[in-house]
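Here the structure comes first, spelled out in structure tokens, and everything after it is commentary.
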Amino acid sequence: MKKTTESDSNYDSLEGMTTSDLLKNINKEDKTVAHSIEKQIPQIEKLVNAIVPKMKNGGRLFYIGAGTSGRLGIVDASECPPTFGVDHGLVIGLMAGGDKAMRKAVEFAEDNTDLGWEDLQSHNISENDVVIGIAASGTTPYVVGALKKCQEENITTGCIVCNEKSPLSKVSDFLIEVVVGPEFVTGSTRMKSGTAQKLVLNMISTSVMIQLGKVKGNKMVDMQLSNNKLVDRGTKMIMNEIGVNYETANNLLQKYGSVRNAVENYNG
């Protein structure tokens with residue numbers, strides 16, 4: 001059965017298109033991605049609802065992938081500490097070939113069926129954790145092998161794929177199959193498939209963190225104060241929350257280290 005991700009593009013003679021036509025047609029395809037994800041919201045909900053109690057019980061969330069999929073997992077994991085103030089070890093992204101593969105592909109790393117499980121073991125993976133395999137094709141040996149072993153060890157698994165009934169779905173307890181159709185450039189899954197995976201990862205991590213109490217109202221009250229922009233944002237959050245001037249709010253933020261702590265410790 002031919003993979004949807006490998007299907008011929010709906011467009012041809014791309015090299016003959018004007019810049020305007022290229023951009024409009026890529027954008028036309030991109031507009032369909034959110035609608036494809038909408039169909040999978042019930043499946044995403046089930047996975048989020050499985051992750052939250054595990055993490056409340058001390059578990060962690062792992063993303064594992066190769067190529068673009070692996071990079072997207074690492075990006076989402078790396079943004080959780082600064083955004084939500086959680087430890088770097090709470091959400092972990094792993095990819096075939098290791099961190100060096102973030103910038104430059106490591107040849108044939110994704111074809112090793114044992115390497116994914118070895119990478120998970122290096123983090124002392126356990127039944128408390130949840131592992132999400134990310135692969136547009138749903139066939140990547142590095143990811144499939146890792147999730148298969150996870151299931152054997154009674155570790156909760158999920159997947160984000162862009163084909164139906166893939167090998168990865170078969171070893172996932174919670175499967176998210178976002179079928180976005182043929183890519184603008186045939187087989188270039190860094191495009192619509194990658195966009196879909198990024199959006200789903202946003203949905204998962206943000207929903208989980210909100211339910212873990214890392215957001216108040218609609219504000220990132222535990223964000224790390226890692227640059228002047230974030231310090232300014234945090235100061236203004238405190239001003240709005242407790243009704244003090246900028247200088248007072250900034251002093252409170254510097255003293256207590258986070259918006260949450262500043263507000264909770266303010267005596268008026």
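Going through the structure tokens in order, the chains are called A, B, and so on, while each chain numbers its residues from 1 and the ligands are numbered from 1 in the order shown.
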
- Pick out the residues sitting within 10 Å of Ala34 (chain A), and hand them over as a list in words; count only C-alpha atoms, and ignore anything fewer than 6 positions along from it in its own chain.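 Here the qualifying residues turn out to be Val178, Val180, Lys192, Thr195, Ala196, Leu199 and Val200 of chain A.
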
- All residues 9 Å or closer to Ala135 (chain A), only C-alpha atoms, same chain fewer than 5 positions away omitted, as a list in words: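 So, after excluding close chain neighbours, the residues are Ile64, Gly65, Ala66, Gly67, Thr68, Ser69, Gly70, Thr140, Val143, Cys159, Ile160, Val161, Cys162, Leu168 and Gln197 of chain A.
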
- Task: Name the residues of region 132-225 of chain A that fall into alpha helix (DSSP H) according to DSSP on the backbone, using the chain letters and numbers of this document, as a VMD selection string.
- Result: chain A and resid 141 to 152 167 to 170 192 to 211

Let me see the file: selected residues, C-alpha atoms, as an mmCIF file, in the first residue's frame.
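result-v3.cif, freshly written:
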```cif
data_model
loop_
_atom_site.group_PDB
_atom_site.id
_atom_site.type_symbol
_atom_site.label_atom_id
_atom_site.label_comp_id
_atom_site.auth_asym_id
_atom_site.auth_seq_id
_atom_site.Cartn_x
_atom_site.Cartn_y
_atom_site.Cartn_z
ATOM 1 C CA PRO A 141 12.863 1.684 12.465
ATOM 2 C CA TYR A 142 14.542 3.752 15.216
ATOM 3 C CA VAL A 143 11.125 4.890 16.475
ATOM 4 C CA VAL A 144 9.126 1.705 15.822
ATOM 5 C CA GLY A 145 11.743 -0.414 17.601
ATOM 6 C CA ALA A 146 11.751 1.890 20.618
ATOM 7 C CA LEU A 147 7.960 1.891 21.039
ATOM 8 C CA LYS A 148 7.732 -1.872 20.518
ATOM 9 C CA LYS A 149 10.166 -2.383 23.373
ATOM 10 C CA CYS A 150 8.293 0.168 25.498
ATOM 11 C CA GLN A 151 5.084 -1.817 25.107
ATOM 12 C CA GLU A 152 6.901 -4.997 26.109
ATOM 13 C CA PRO A 167 3.825 0.084 11.812
ATOM 14 C CA LEU A 168 4.273 2.820 14.428
ATOM 15 C CA SER A 169 0.525 3.002 15.081
ATOM 16 C CA LYS A 170 0.531 -0.737 15.771
ATOM 17 C CA LYS A 192 2.748 19.880 5.715
ATOM 18 C CA SER A 193 3.579 16.786 7.759
ATOM 19 C CA GLY A 194 6.153 18.688 9.799
ATOM 20 C CA THR A 195 3.720 21.562 10.319
ATOM 21 C CA ALA A 196 1.068 19.115 11.522
ATOM 22 C CA GLN A 197 3.472 17.465 13.960
ATOM 23 C CA LYS A 198 4.572 20.841 15.326
ATOM 24 C CA LEU A 199 0.972 21.929 15.902
ATOM 25 C CA VAL A 200 0.070 18.661 17.632
ATOM 26 C CA LEU A 201 3.143 18.879 19.864
ATOM 27 C CA ASN A 202 2.111 22.436 20.815
ATOM 28 C CA MET A 203 -1.334 21.145 21.724
ATOM 29 C CA ILE A 204 -0.030 18.257 23.806
ATOM 30 C CA SER A 205 2.652 20.053 25.820
ATOM 31 C CA THR A 206 0.587 23.198 26.397
ATOM 32 C CA SER A 207 -2.506 21.268 27.502
ATOM 33 C CA VAL A 208 -0.435 19.085 29.815
ATOM 34 C CA MET A 209 1.374 22.026 31.392
ATOM 35 C CA ILE A 210 -1.856 23.943 31.967
ATOM 36 C CA GLN A 211 -3.320 20.916 33.735
#
```

Please build the interface table for region 109-228 of chain A against region 90-100 of chain A with a cut-off of 10 Å, listing for each qualifying residue the nearest atom pair and the distance in Å to one decimal; count only C-alpha atoms, order rows by chain and increasing number, and write it as CSV.
```
residue,atom,partner,partner_atom,distance
A:Ala109,CA,A:Gly97,CA,5.4
A:Glu110,CA,A:Ala96,CA,5.3
A:Asp111,CA,A:Ala96,CA,8.7
A:Asn112,CA,A:Ala96,CA,8.6
A:Leu115,CA,A:Ala96,CA,7.6
A:Gly116,CA,A:Ala96,CA,7.1
A:Asp119,CA,A:Leu94,CA,7.4
A:Leu120,CA,A:Leu94,CA,8.0
A:His123,CA,A:Ile92,CA,9.2
A:Asp129,CA,A:Leu90,CA,9.7
A:Val130,CA,A:Val91,CA,9.8
A:Val131,CA,A:Ile92,CA,9.4
A:Ile132,CA,A:Gly93,CA,9.6
A:Gly133,CA,A:Leu94,CA,9.7
A:Ile134,CA,A:Met95,CA,9.6
A:Thr140,CA,A:Ala96,CA,9.9
A:Pro141,CA,A:Ala96,CA,9.9
A:Tyr142,CA,A:Ala96,CA,6.7
A:Val143,CA,A:Ala96,CA,8.4
A:Ser205,CA,A:Val91,CA,8.7
```

Take the selection from the previous step and output its residues with N, CA and C atoms, as an mmCIF file, in the first residue's frame.
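Dumped to out.cif:
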```cif
data_model
loop_
_atom_site.group_PDB
_atom_site.id
_atom_site.type_symbol
_atom_site.label_atom_id
_atom_site.label_comp_id
_atom_site.auth_asym_id
_atom_site.auth_seq_id
_atom_site.Cartn_x
_atom_site.Cartn_y
_atom_site.Cartn_z
ATOM 1 N N ALA A 109 21.283 6.391 10.854
ATOM 2 C CA ALA A 109 21.000 6.268 12.286
ATOM 3 C C ALA A 109 19.554 5.841 12.520
ATOM 4 N N GLU A 110 18.637 6.338 11.671
ATOM 5 C CA GLU A 110 17.222 6.043 11.880
ATOM 6 C C GLU A 110 16.855 4.615 11.495
ATOM 7 N N ASP A 111 17.781 3.894 10.842
ATOM 8 C CA ASP A 111 17.482 2.537 10.386
ATOM 9 C C ASP A 111 17.801 1.471 11.430
ATOM 10 N N ASN A 112 18.338 1.887 12.565
ATOM 11 C CA ASN A 112 18.712 0.962 13.629
ATOM 12 C C ASN A 112 17.512 0.731 14.557
ATOM 13 N N LEU A 115 18.563 1.154 18.575
ATOM 14 C CA LEU A 115 19.166 2.374 19.096
ATOM 15 C C LEU A 115 18.185 3.242 19.881
ATOM 16 N N GLY A 116 16.921 3.289 19.455
ATOM 17 C CA GLY A 116 15.935 4.105 20.152
ATOM 18 C C GLY A 116 15.726 3.651 21.587
ATOM 19 N N ASP A 119 18.680 4.574 23.668
ATOM 20 C CA ASP A 119 18.651 5.987 24.044
ATOM 21 C C ASP A 119 17.686 6.234 25.194
ATOM 22 N N LEU A 120 16.536 5.563 25.177
ATOM 23 C CA LEU A 120 15.576 5.702 26.272
ATOM 24 C C LEU A 120 16.144 5.128 27.566
ATOM 25 N N HIS A 123 18.221 7.176 29.878
ATOM 26 C CA HIS A 123 17.484 8.105 30.752
ATOM 27 C C HIS A 123 16.690 7.345 31.825
ATOM 28 N N ASP A 129 6.707 6.728 32.993
ATOM 29 C CA ASP A 129 6.892 7.657 31.882
ATOM 30 C C ASP A 129 5.958 7.368 30.709
ATOM 31 N N VAL A 130 5.868 8.345 29.804
ATOM 32 C CA VAL A 130 5.111 8.198 28.556
ATOM 33 C C VAL A 130 6.057 8.520 27.402
ATOM 34 N N VAL A 131 6.022 7.701 26.360
ATOM 35 C CA VAL A 131 6.894 7.899 25.203
ATOM 36 C C VAL A 131 6.039 8.118 23.953
ATOM 37 N N ILE A 132 6.272 9.243 23.277
ATOM 38 C CA ILE A 132 5.557 9.551 22.037
ATOM 39 C C ILE A 132 6.524 9.432 20.868
ATOM 40 N N GLY A 133 6.226 8.535 19.953
ATOM 41 C CA GLY A 133 7.026 8.381 18.747
ATOM 42 C C GLY A 133 6.515 9.320 17.667
ATOM 43 N N ILE A 134 7.424 10.036 17.036
ATOM 44 C CA ILE A 134 7.053 11.006 15.995
ATOM 45 C C ILE A 134 7.699 10.572 14.691
ATOM 46 N N THR A 140 9.654 4.561 10.560
ATOM 47 C CA THR A 140 11.053 4.732 10.946
ATOM 48 C C THR A 140 11.492 3.666 11.951
ATOM 49 N N PRO A 141 12.454 2.795 11.588
ATOM 50 C CA PRO A 141 12.863 1.684 12.465
ATOM 51 C C PRO A 141 13.319 2.126 13.852
ATOM 52 N N TYR A 142 14.062 3.229 13.927
ATOM 53 C CA TYR A 142 14.542 3.752 15.216
ATOM 54 C C TYR A 142 13.379 3.994 16.167
ATOM 55 N N VAL A 143 12.281 4.540 15.652
ATOM 56 C CA VAL A 143 11.125 4.890 16.475
ATOM 57 C C VAL A 143 10.249 3.665 16.729
ATOM 58 N N SER A 205 1.851 19.523 24.717
ATOM 59 C CA SER A 205 2.652 20.053 25.820
ATOM 60 C C SER A 205 1.940 21.206 26.528
#
```

- Note on the structure: CA of Thr248 (chain A) to CA of Asn265 (chain A) measures 13.1 Å

- Task: Would you list the contacts of region 163-165 of chain A as a list of chain:residue names, taking every protein, DNA or RNA residue within 8 Å and counting only C-alpha atoms, but skipping same-chain residues closer than 3 positions in sequence?
- Result: A:Lys3, A:Thr4, A:Thr5, A:Ala136, A:Ser137, A:Gly138, A:Ser169, A:Lys170, A:Glu177, A:Val178, A:Val179

- For Asn128 (chain A), which residue among A:Arg60, A:Lys214, A:Arg71, A:Lys104 is the nearest when counting only C-alpha atoms?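 Smallest distance to Asn128 (chain A) is found for A:Arg60.
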
- Task: Go through A:Arg233, A:Ala105, A:Glu79, A:Asn267 and flag the residue nearest Leu253 (chain A), using only C-alpha atoms for the distances.
- Result: A:Arg233

- Item | DSSP strand (DSSP E or B) residues within region 28-84 of chain A, as a list in words | Leu61, Phe62, Tyr63, Ile64 and Gly65 of chain A

Restricted to N, CA and C atoms, what would the selected residues look like written as a short mmCIF file (atom, residue, chain, number, x, y, z; two decimals), in the first residue's frame?
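Full text of out.cif as output:
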```cif
data_model
loop_
_atom_site.label_atom_id
_atom_site.label_comp_id
_atom_site.auth_asym_id
_atom_site.auth_seq_id
_atom_site.Cartn_x
_atom_site.Cartn_y
_atom_site.Cartn_z
N LEU A 61 7.75 12.89 30.20
CA LEU A 61 7.27 12.75 28.83
C LEU A 61 8.47 12.73 27.89
N PHE A 62 8.53 11.69 27.06
CA PHE A 62 9.61 11.56 26.08
C PHE A 62 9.04 11.70 24.68
N TYR A 63 9.75 12.44 23.83
CA TYR A 63 9.50 12.44 22.39
C TYR A 63 10.67 11.72 21.73
N ILE A 64 10.38 10.87 20.76
CA ILE A 64 11.47 10.20 20.07
C ILE A 64 11.19 10.17 18.58
N GLY A 65 12.17 10.56 17.77
CA GLY A 65 11.95 10.63 16.33
C GLY A 65 13.28 10.68 15.59
#
```
